[in-house]
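Below is final-v9.pdb, holding PDB, C-alpha atoms, pLDDT in the B column.
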ATOM      1  CA  THR U 895      -3.652  16.017   4.330  1.00 72.00           C
ATOM      2  CA  LEU U 896      -3.203  19.498   2.895  1.00 77.00           C
ATOM      3  CA  ASN U 897      -5.836  21.208   0.743  1.00 82.00           C
ATOM      4  CA  PRO U 898      -4.141  24.140  -1.062  1.00 86.00           C
ATOM      5  CA  ALA U 899      -7.469  25.430  -2.461  1.00 88.00           C
ATOM      6  CA  THR U 900      -8.855  26.141   1.027  1.00 88.00           C
ATOM      7  CA  ARG U 901      -5.475  26.378   2.768  1.00 84.00           C
ATOM      8  CA  THR U 902      -6.610  23.796   5.298  1.00 83.00           C
ATOM      9  CA  ALA U 903      -4.678  20.958   6.900  1.00 79.00           C
ATOM     10  CA  PHE U 904      -6.571  17.899   8.123  1.00 78.00           C
ATOM     11  CA  ARG U 905      -4.943  15.965  10.987  1.00 76.00           C
ATOM     12  CA  MET U 906      -6.096  12.366  11.309  1.00 71.00           C
ATOM     13  CA  PRO U 907      -5.028   9.546  13.639  1.00 68.00           C
ATOM     14  CA  ILE U 908      -2.821   6.875  12.079  1.00 61.00           C
ATOM     15  CA  ASP U 909      -4.652   3.640  11.273  1.00 53.00           C
ATOM     16  CA  ARG U 910      -2.327   0.806  12.273  1.00 50.00           C
ATOM     17  CA  GLY U 911      -4.654  -1.893  10.923  1.00 50.00           C
ATOM     18  CA  VAL U 912      -3.443  -4.467   8.429  1.00 47.00           C
ATOM     19  CA  SER U 913      -5.289  -4.999   5.146  1.00 59.00           C
ATOM     20  CA  ALA U 914      -7.012  -8.349   4.961  1.00 47.00           C
ATOM     21  CA  PRO U 915      -5.643 -10.680   2.274  1.00 45.00           C
ATOM     22  CA  LEU U 916      -7.878 -12.133  -0.416  1.00 42.00           C
ATOM     23  CA  GLN U 917      -9.731 -15.278   0.545  1.00 56.00           C
ATOM     24  CA  GLY U 918      -8.372 -18.084  -1.548  1.00 79.00           C
ATOM     25  CA  GLN U 919      -4.961 -19.590  -2.038  1.00 90.00           C
ATOM     26  CA  GLU U 920      -1.970 -17.961  -0.346  1.00 91.00           C
ATOM     27  CA  GLU U 921       1.678 -18.893  -0.806  1.00 95.00           C
ATOM     28  CA  SER U 922       5.019 -17.758   0.545  1.00 96.00           C
ATOM     29  CA  LEU U 923       7.463 -16.410  -2.033  1.00 96.00           C
ATOM     30  CA  GLY U 924      10.494 -16.547   0.284  1.00 96.00           C
ATOM     31  CA  THR U 925      12.948 -13.666   0.555  1.00 97.00           C
ATOM     32  CA  ARG U 926      14.334 -11.300  -2.044  1.00 95.00           C
ATOM     33  CA  GLU U 927      16.495  -8.175  -2.011  1.00 94.00           C
ATOM     34  CA  PHE U 928      15.258  -4.775  -3.241  1.00 91.00           C
ATOM     35  CA  GLU U 929      17.828  -1.948  -3.362  1.00 88.00           C
ATOM     36  CA  GLY U 930      19.812  -3.532  -0.517  1.00 90.00           C
ATOM     37  CA  LEU U 931      16.741  -4.259   1.638  1.00 93.00           C
ATOM     38  CA  VAL U 932      15.652  -7.822   2.402  1.00 95.00           C
ATOM     39  CA  ALA U 933      11.938  -8.436   1.844  1.00 96.00           C
ATOM     40  CA  ILE U 934       9.579 -11.331   2.512  1.00 97.00           C
ATOM     41  CA  GLY U 935       7.086 -12.059  -0.258  1.00 96.00           C
ATOM     42  CA  ARG U 936       3.633 -13.591  -0.364  1.00 96.00           C
ATOM     43  CA  ARG U 937       1.047 -14.117  -3.073  1.00 95.00           C
ATOM     44  CA  ALA U 938      -2.711 -14.511  -2.605  1.00 93.00           C
ATOM     45  CA  SER U 939      -4.979 -15.558  -5.452  1.00 93.00           C
ATOM     46  CA  VAL U 940      -8.655 -16.216  -5.904  1.00 91.00           C
ATOM     47  CA  THR U 941     -10.782 -17.176  -8.871  1.00 89.00           C
ATOM     48  CA  LEU U 942     -14.358 -15.925  -8.989  1.00 85.00           C
ATOM     49  CA  PRO U 943     -16.699 -18.127 -10.989  1.00 82.00           C
ATOM     50  CA  GLY U 944     -18.029 -16.952 -14.338  1.00 79.00           C
ATOM     51  CA  SER U 945     -21.660 -17.136 -15.352  1.00 74.00           C
ATOM     52  CA  GLN U 946     -23.236 -20.550 -15.840  1.00 72.00           C
ATOM     53  CA  ALA U 947     -24.326 -19.583 -19.338  1.00 71.00           C
ATOM     54  CA  GLY U 948     -20.706 -18.881 -20.252  1.00 69.00           C
ATOM     55  CA  SER U 949     -21.255 -15.235 -21.149  1.00 78.00           C
ATOM     56  CA  GLN U 950     -18.919 -14.108 -18.344  1.00 83.00           C
ATOM     57  CA  PRO U 951     -15.575 -15.921 -17.963  1.00 87.00           C
ATOM     58  CA  PRO U 952     -14.111 -16.655 -14.495  1.00 86.00           C
ATOM     59  CA  VAL U 953     -12.267 -13.724 -12.889  1.00 88.00           C
ATOM     60  CA  GLU U 954      -8.757 -14.327 -11.595  1.00 91.00           C
ATOM     61  CA  ILE U 955      -7.374 -11.939  -8.970  1.00 92.00           C
ATOM     62  CA  VAL U 956      -3.759 -12.151  -7.752  1.00 94.00           C
ATOM     63  CA  ASP U 957      -2.109  -9.954  -5.115  1.00 94.00           C
ATOM     64  CA  GLU U 958       1.656 -10.132  -4.533  1.00 95.00           C
ATOM     65  CA  GLN U 959       3.445  -8.167  -1.829  1.00 96.00           C
ATOM     66  CA  TRP U 960       7.078  -7.916  -0.709  1.00 96.00           C
ATOM     67  CA  ASP U 961       7.520  -6.422   2.784  1.00 95.00           C
ATOM     68  CA  SER U 962      10.826  -5.031   4.081  1.00 95.00           C
ATOM     69  CA  VAL U 963      12.084  -6.968   7.097  1.00 94.00           C
ATOM     70  CA  ASP U 964      13.828  -3.868   8.547  1.00 92.00           C
ATOM     71  CA  LEU U 965      11.437  -1.057   7.609  1.00 91.00           C
ATOM     72  CA  ARG U 966       8.199  -3.075   7.925  1.00 91.00           C
ATOM     73  CA  VAL U 967       6.691  -1.445   4.857  1.00 92.00           C
ATOM     74  CA  PRO U 968       5.814  -2.888   1.435  1.00 94.00           C
ATOM     75  CA  LEU U 969       8.645  -2.455  -1.066  1.00 95.00           C
ATOM     76  CA  LEU U 970       6.643  -3.917  -3.955  1.00 95.00           C
ATOM     77  CA  ALA U 971       2.933  -4.614  -4.332  1.00 95.00           C
ATOM     78  CA  ARG U 972       1.266  -5.995  -7.457  1.00 95.00           C
ATOM     79  CA  HIS U 973      -2.437  -6.429  -8.073  1.00 94.00           C
ATOM     80  CA  ARG U 974      -3.604  -8.306 -11.158  1.00 93.00           C
ATOM     81  CA  ASP U 975      -7.267  -8.667 -12.077  1.00 92.00           C
ATOM     82  CA  SER U 976      -8.287 -10.360 -15.320  1.00 88.00           C
ATOM     83  CA  ARG U 977     -10.978  -7.675 -15.776  1.00 86.00           C
ATOM     84  CA  SER U 978      -8.849  -4.571 -15.318  1.00 88.00           C
ATOM     85  CA  GLY U 979      -5.217  -5.566 -15.825  1.00 91.00           C
ATOM     86  CA  GLU U 980      -2.175  -5.165 -13.600  1.00 93.00           C
ATOM     87  CA  PHE U 981      -1.243  -2.420 -11.132  1.00 93.00           C
ATOM     88  CA  GLU U 982       2.216  -2.200  -9.533  1.00 94.00           C
ATOM     89  CA  GLN U 983       3.391   0.012  -6.701  1.00 94.00           C
ATOM     90  CA  ARG U 984       7.090   0.113  -5.832  1.00 94.00           C
ATOM     91  CA  LEU U 985       9.088   1.923  -3.169  1.00 92.00           C
ATOM     92  CA  ALA U 986      12.265   3.247  -4.809  1.00 90.00           C
ATOM     93  CA  ASN U 987      15.320   5.341  -3.932  1.00 89.00           C
ATOM     94  CA  VAL U 988      15.124   4.373  -0.254  1.00 87.00           C
ATOM     95  CA  ARG U 989      17.403   6.503   1.902  1.00 85.00           C
ATOM     96  CA  ARG U 990      17.825   5.512   5.525  1.00 85.00           C
ATOM     97  CA  THR U 991      18.597   8.993   6.831  1.00 90.00           C
ATOM     98  CA  GLU U 992      16.427  11.398   8.782  1.00 90.00           C
ATOM     99  CA  PRO U 993      14.288  13.557   6.451  1.00 87.00           C
ATOM    100  CA  ASP U 994      14.257  17.336   6.651  1.00 91.00           C
ATOM    101  CA  PRO U 995      11.801  18.221   9.488  1.00 92.00           C
ATOM    102  CA  SER U 996      10.293  21.006   7.350  1.00 91.00           C
ATOM    103  CA  LEU U 997       8.683  18.301   5.192  1.00 90.00           C
ATOM    104  CA  PHE U 998       6.337  17.572   8.123  1.00 90.00           C
ATOM    105  CA  THR U 999       5.496  21.137   9.111  1.00 92.00           C
ATOM    106  CA  VAL U1000       2.118  22.579   8.139  1.00 91.00           C
ATOM    107  CA  PRO U1001       2.578  26.033   6.554  1.00 91.00           C
ATOM    108  CA  SER U1002       1.718  28.875   8.947  1.00 91.00           C
ATOM    109  CA  THR U1003      -0.931  30.183   6.517  1.00 93.00           C
ATOM    110  CA  TYR U1004      -2.996  26.964   6.888  1.00 91.00           C
ATOM    111  CA  THR U1005      -5.737  26.240   9.422  1.00 90.00           C
ATOM    112  CA  ILE U1006      -5.444  22.844  11.133  1.00 89.00           C
ATOM    113  CA  THR U1007      -8.656  20.834  11.542  1.00 89.00           C
ATOM    114  CA  ASP U1008      -8.600  17.675  13.702  1.00 88.00           C
ATOM    115  CA  VAL U1009     -10.496  14.750  12.202  1.00 87.00           C
ATOM    116  CA  THR U1010     -11.835  11.964  14.404  1.00 84.00           C
ATOM    117  CA  LEU U1011     -12.442   8.433  13.215  1.00 78.00           C
ATOM    118  CA  PRO U1012     -15.597   6.500  14.040  1.00 78.00           C
ATOM    119  CA  ALA U1013     -15.368   4.094  16.988  1.00 74.00           C
ATOM    120  CA  GLY U1014     -13.675   0.827  16.107  1.00 65.00           C
ATOM    121  CA  LYS U1015     -11.151   2.297  13.641  1.00 54.00           C
TER
END
Would you encode the structure as structure tokens?
Amino acid sequence: TLNPATRTAFRMPIDRGVSAPLQGQEESLGTREFEGLVAIGRRASVTLPGSQAGSQPPVEIVDEQWDSVDLRVPLLARHRDSRSGEFEQRLANVRRTEPDPSLFTVPSTYTITDVTLPAGK
């Protein structure tokens, strides 16, 4: 992570953990193609109960994700919550070529600070 205000770069280990799905109902969505990439989809949904007095309706939460078989990254992720609406994140303009190495070089005017994660991460 780069902080231009302090000209500092923070180097952190990569967390290879997988996000836990919602507890509730999960279903396979099969396969689908996104910009020439085959993806496997799944949907997890849960309904949280409303109040017994009826002043708060039940809350429905649905997460849908399509993961690239080749790249092993999400190509499309949708999160829908009846309280806050829908959020969609999509990977677009995928190019399967090596990126310019300068994109991963910390500028020479920055100080690099190593960050350690707590045990168990």
Could you list, as a PyMOL selection string, every residue matched by the PyMOL selection byres ((chain U and resi 968) around 9) in this structure?
chain U and resi 933+959-962+965-967+969-971+983-985
List the spatial neighbours of Ile955 in chain U as a PyMOL selection string - criterion: any atom at most 9 Å away, all atoms listed in the file, same-chain residues fewer than 6 positions off excluded.
chain U and resi 916+938-942+973-977
Between CA of Ala986 in chain U and CA of Thr895 in chain U, what is the distance, to one decimal in Å?
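Atom-to-atom, CA of Ala986 in chain U and CA of Thr895 in chain U are spaced 22.4 Å apart.
Here the PyMOL selection byres ((chain U and resi 919-923) around 7) captures the residues U:Gln917, U:Gly918, U:Gly924, U:Thr925, U:Gly935, U:Arg936, U:Arg937, U:Ala938, U:Ser939, U:Val940.
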Record the distance separating CA of Thr999 in chain U and CA of Ala1013 in chain U, expressed in Å with one decimal.
28.1 Å
